[in-house]
Amino acid sequence: MSTQTPESFEWTDLDRRAVDTARLLAADAVQKVGNGHPGTAMSLAPAAYTIFQKVMKHDPADPEWTGRDRFVLSPGHTSLTLYTQLFLAGYELELDDLKAFRTQGSKTPGHPEYGHTAGVETTTGPLGQGAANAVGMAMAARYERGLFDPEAPEGTSPFDHTIWAIVSDGDLEEGVSAEASSLAGHQKLGNLVFLYDDNHISIEGDTATALSEDVLKRYEAYGWHTQRIEPTADGDVDVPALHAALEAAKAETGRPSIIAMRTIIAWPAPTAQNTEASHGSALGDEEIAATKRVLGFDPEQTFEVSDEVLRHARRALDRGAEAHAAWDKKIAEWRTAQPERAELFDRVSKGELPEGWQDALPVFEEGKSVATRAASGKVLQALGPVLPELWGGSADLAGSNNTTIDKTSSFLPKGNPLPEANPYGRTVHFGIREFSMAAEMNGIALHGNTRIYGGTFLVFSDYMRNAVRMSALMQLPVTYVWTHDSIGLGEDGPTHQPVEHLASLRAIPGLNVVRPADANETSIAWAEILKRHATDPAPHGLALTRQGVPTYAPNEDAAKGGYVLADSSTEVPEVIIMATGSEVQLAMAARDALEAEGTGTRVVSMPCVEWFDQQPAAYRESVLPAAVKARVSVEAGIGLTWYRYVGDAGRIVSLEHFGASADANALFAEYGFTPENVAAAARASLAAARA
């Protein structure tokens with residue numbers, strides 16, 4: 001889509017009429033369903049229209065086009081701001097979809113949902129995360145350019161594009177946006193533009209109730225390019241000034257940009273404008289009729305869209321086709337000049353892995369003691385040379401998380417003083433910003449064409465939980481590397497020792513939590529995560545040990561989530577011990593003791609209950625035969641996960657309280673994580689099963 005320069009900018013009566021049509025469609029849609037957020041959609045209509053019709057490079061006929069700009073509506077409650085523009089521009093929304101706003105099965109749910117509505121780039125529900133998603137998209141765009149076209153002069157590559165985001169007061173009050181904005185400034189993400197809807201209204205009234213800072217000074221301190229535009233004398237958006245500001249922001253490629261745009265919520269509704277009521281309530285028939293009179297529309301009509309306005313707005317399809325054709329020509333020239341990179345692009349964009357990639361996976365020597373966090377680090381370093389699309393880092397814990405894929409190459413902008421700084425570097429330094437790291441990873445995954453991971457301690461997954469939930473809701477293939485997974489981290493004490501976290505994370509639908517028993521399970525788990533990236537996209541959380549654990553012979557059935565690690569000496573086991581992570585060694589030692597007593601004992605390693613539950617019933621029965629009622633689970637966390645696996649006669653060896661600051665071995669012994677206690681639990685379960 002060709003954009004207009006400030007000198008060539010045109011704003012016709014049809015443009016104004018299209019904007020007013022969008023305002024009234026928002027008001028009518030909320031009024032029809034009886035709930036929603038009309039005010040912001042009304043006041044933002046000129047800005048959203050300007051972005052979609054005058055500035056942004058996109059093709060409504062191909063919403064997934066690789067060369068497109070990205071648009072993020074961070075205040076998702078004003079979803080009609082986006083829906084009306086998608087309808088006008090010619091995406092897969094029609095007037096009946098707007099009439100079905102917020103109803104069951106419609107393409108226009110209350111908040112935009114990724115994968116549900118064409119043209120929606122991300123699910124922005126909780127405020128602030130959309131801003132962080134946009135930062136992640138901008139990071140991904142830079143890394144993608146580095147993969148496929150790093151030598152191209154600025155602005156000339158088919159992989160150059162801009163990330164546009166509308167953000168609100170609410171977004172900028174949330175801490176996650178501050179974390180992300182700080183990182184964006186540090187990274188000098190010149191491909192990122194925030195349009196800040198400074199309307200001074202929140203649910204509780206004037207934002208003076210809770211906000212008095214100078215937002216632009218804060219962003220200036222972050223290292224952003226800042227601009228401010230004021231409304232016209234009658235209170236509407238000054239569109240020529242807005243367009244000039246957007247173009248100036250796009251031209252500023254050395255740092256991210258934010259434009260503070262003062263708006264009057266629900267403008268030009270005669271009595272509802274500038275009120276908190278218009279934020280989250282229908283305006284009412286009389287107020288909408290009065291607004292239609294102000295704008296020169298028929299107050300008796302609803303969802304009025306003239307053919308002339310729709311034809312004018314849907315010229316966006318023609319501009320999109322032109323932009324797409326120009327990009328196709330540019331990408332064809334690039335393919336001719338860069339055949340090897342073109343081959344890489346084709347593979348990566350399909351989500352495929354290179355032939356023979358698994359040969360790079362390390363196999364660890366049986367019997368050695370290796371921390372699974374260390375094994376994970378070895379896997380990443382081994383995969384780095386064969387999977388250039390794989391990148392990531394840590395929230396300032398890389399040395400502990402073992403997430404440094406390349407020590408010589410850090411994802412840092414030009415001008416950074418560190419010797420390993422590279423704008424296209426492999427290793428990301430997210431800083432001590434766990435929440436925004438997760439939300440940025442979501443943005444990176446949404447952008448496409450790379451594979452991202454990020455690490456921190458498992459206990460800090462609480463800080464990032466809502467973004468992890470959004471990963472699962474959107475089914476995004478991001479990988480969380482959570483280390484220091486139990487009281488086994490020892491002396492740091494209960495603030496750093498996860499207890500409820502494994503069960504809590506498993507409660508998130510669609511999140512696969514993987515807690516490997518040893519180094520070889522860790523390698524197999526990484527392989528399975530990578531295989532699932534395109535075929536079964538979902539977020540994964542690796543829970544890894546700080547301490548060394550025994551290494552067993554590799555068994556590819558670990559990729560099924562649960563498997564028989566050591567079988568019973570009897571044809572049918574008398575008791576089954578299930579365990580994960582560092583507790584598998586306890587199960588193995590308890591088995592030795594029970595077998596010595598003549599009790600046939602099977603040990604099942606269960607690195608991922610979600611993967612196991614996806615297996616065919618016959619496989620699950622072969623691992624956990626229903627006839628075997630004596631069962632024990634062992635995991636150094638609360639036992640909530642395991643009740644459905646052990647049954648009525650089963651016993652659960654778990655930790656139902658917080659830890660303490662002491663040596664890891666002492667804590668395990670004190671809290672009953674010993675072979676002797678596991679064997680005792682097995683005997684108790686056997687007695688219950690026979691009773």
# chains A, B, ... in the order shown; residues from 1 in each chain; ligands from 1
$ residues_around --residues "Ser181 of chain A" --least-positions-apart "6" --cutoff "9 Å" --atoms "only C-alpha atoms" --output "JSON, numbers by chain"
{"A": [131, 132, 135, 219, 222, 224, 256]}
$ write_last_selection --atoms "N, CA, C and O atoms" --output "compact mmCIF listing (two decimals), in the first residue's frame"
# COMPACT_ATOMS: atom_id res chain seq x y z
N ALA A 131 1.16 -3.45 24.12
CA ALA A 131 2.35 -2.62 23.94
C ALA A 131 3.61 -3.48 23.93
O ALA A 131 4.51 -3.30 23.10
N ALA A 132 3.68 -4.43 24.85
CA ALA A 132 4.84 -5.32 24.90
C ALA A 132 4.87 -6.26 23.70
O ALA A 132 5.94 -6.58 23.18
N VAL A 135 6.47 -4.38 20.95
CA VAL A 135 7.93 -4.33 21.11
C VAL A 135 8.54 -5.64 20.62
O VAL A 135 9.56 -5.64 19.91
N TYR A 219 9.00 8.83 28.40
CA TYR A 219 9.45 8.13 27.20
C TYR A 219 10.72 8.76 26.61
O TYR A 219 11.56 8.05 26.04
N TYR A 222 13.37 7.10 28.37
CA TYR A 222 13.60 5.75 27.85
C TYR A 222 14.44 5.77 26.58
O TYR A 222 14.96 4.73 26.16
N TRP A 224 13.11 7.37 23.62
CA TRP A 224 12.17 7.41 22.50
C TRP A 224 12.13 8.80 21.87
O TRP A 224 12.39 9.81 22.51
N PRO A 256 12.67 4.22 18.82
CA PRO A 256 11.21 4.10 18.74
C PRO A 256 10.55 5.46 18.93
O PRO A 256 11.15 6.39 19.47
$ residues_around --residues "Pro362 of chain A" --least-positions-apart "6" --cutoff "8 Å" --atoms "only C-alpha atoms" --output "count of residues only"
4
$ closest_residue --among "A:Asp536, A:Asp359, A:Glu151, A:Glu676" --to "Leu594 of chain A" --atoms "only C-alpha atoms"
A:Glu676
$ residues_around --residues "Thr40 of chain A" --least-positions-apart "2" --cutoff "7 Å" --atoms "only C-alpha atoms" --output "list of chain:residue names"
A:His37, A:Pro38, A:Met42, A:Ser43, A:Leu44, A:Thr78, A:Ile265, A:Ala266, A:His279
$ write_last_selection --atoms "C-alpha atoms" --output "compact mmCIF listing (two decimals), in the first residue's frame"
# COMPACT_ATOMS: atom_id res chain seq x y z
CA HIS A 37 -17.03 0.49 24.81
CA PRO A 38 -18.22 3.06 22.26
CA MET A 42 -15.60 7.12 18.30
CA SER A 43 -12.75 9.44 19.22
CA LEU A 44 -10.06 7.17 17.73
CA THR A 78 -12.07 -0.58 22.10
CA ILE A 265 -13.68 10.51 24.32
CA ALA A 266 -16.99 9.93 22.48
CA HIS A 279 -16.04 4.53 28.08
$ atom_distance --atom1 "atom CA of Ala596 of chain A" --atom2 "atom CA of Ala669 of chain A"
22.3 Å
$ closest_residue --among "A:Gly637, A:Gly650, A:Gly510, A:Gly384" --to "Tyr671 of chain A" --atoms "only C-alpha atoms"
A:Gly637
$ closest_residue --among "A:Arg314, A:Glu121, A:Pro385, A:Asp663" --to "Tyr91 of chain A" --atoms "only C-alpha atoms"
A:Arg314
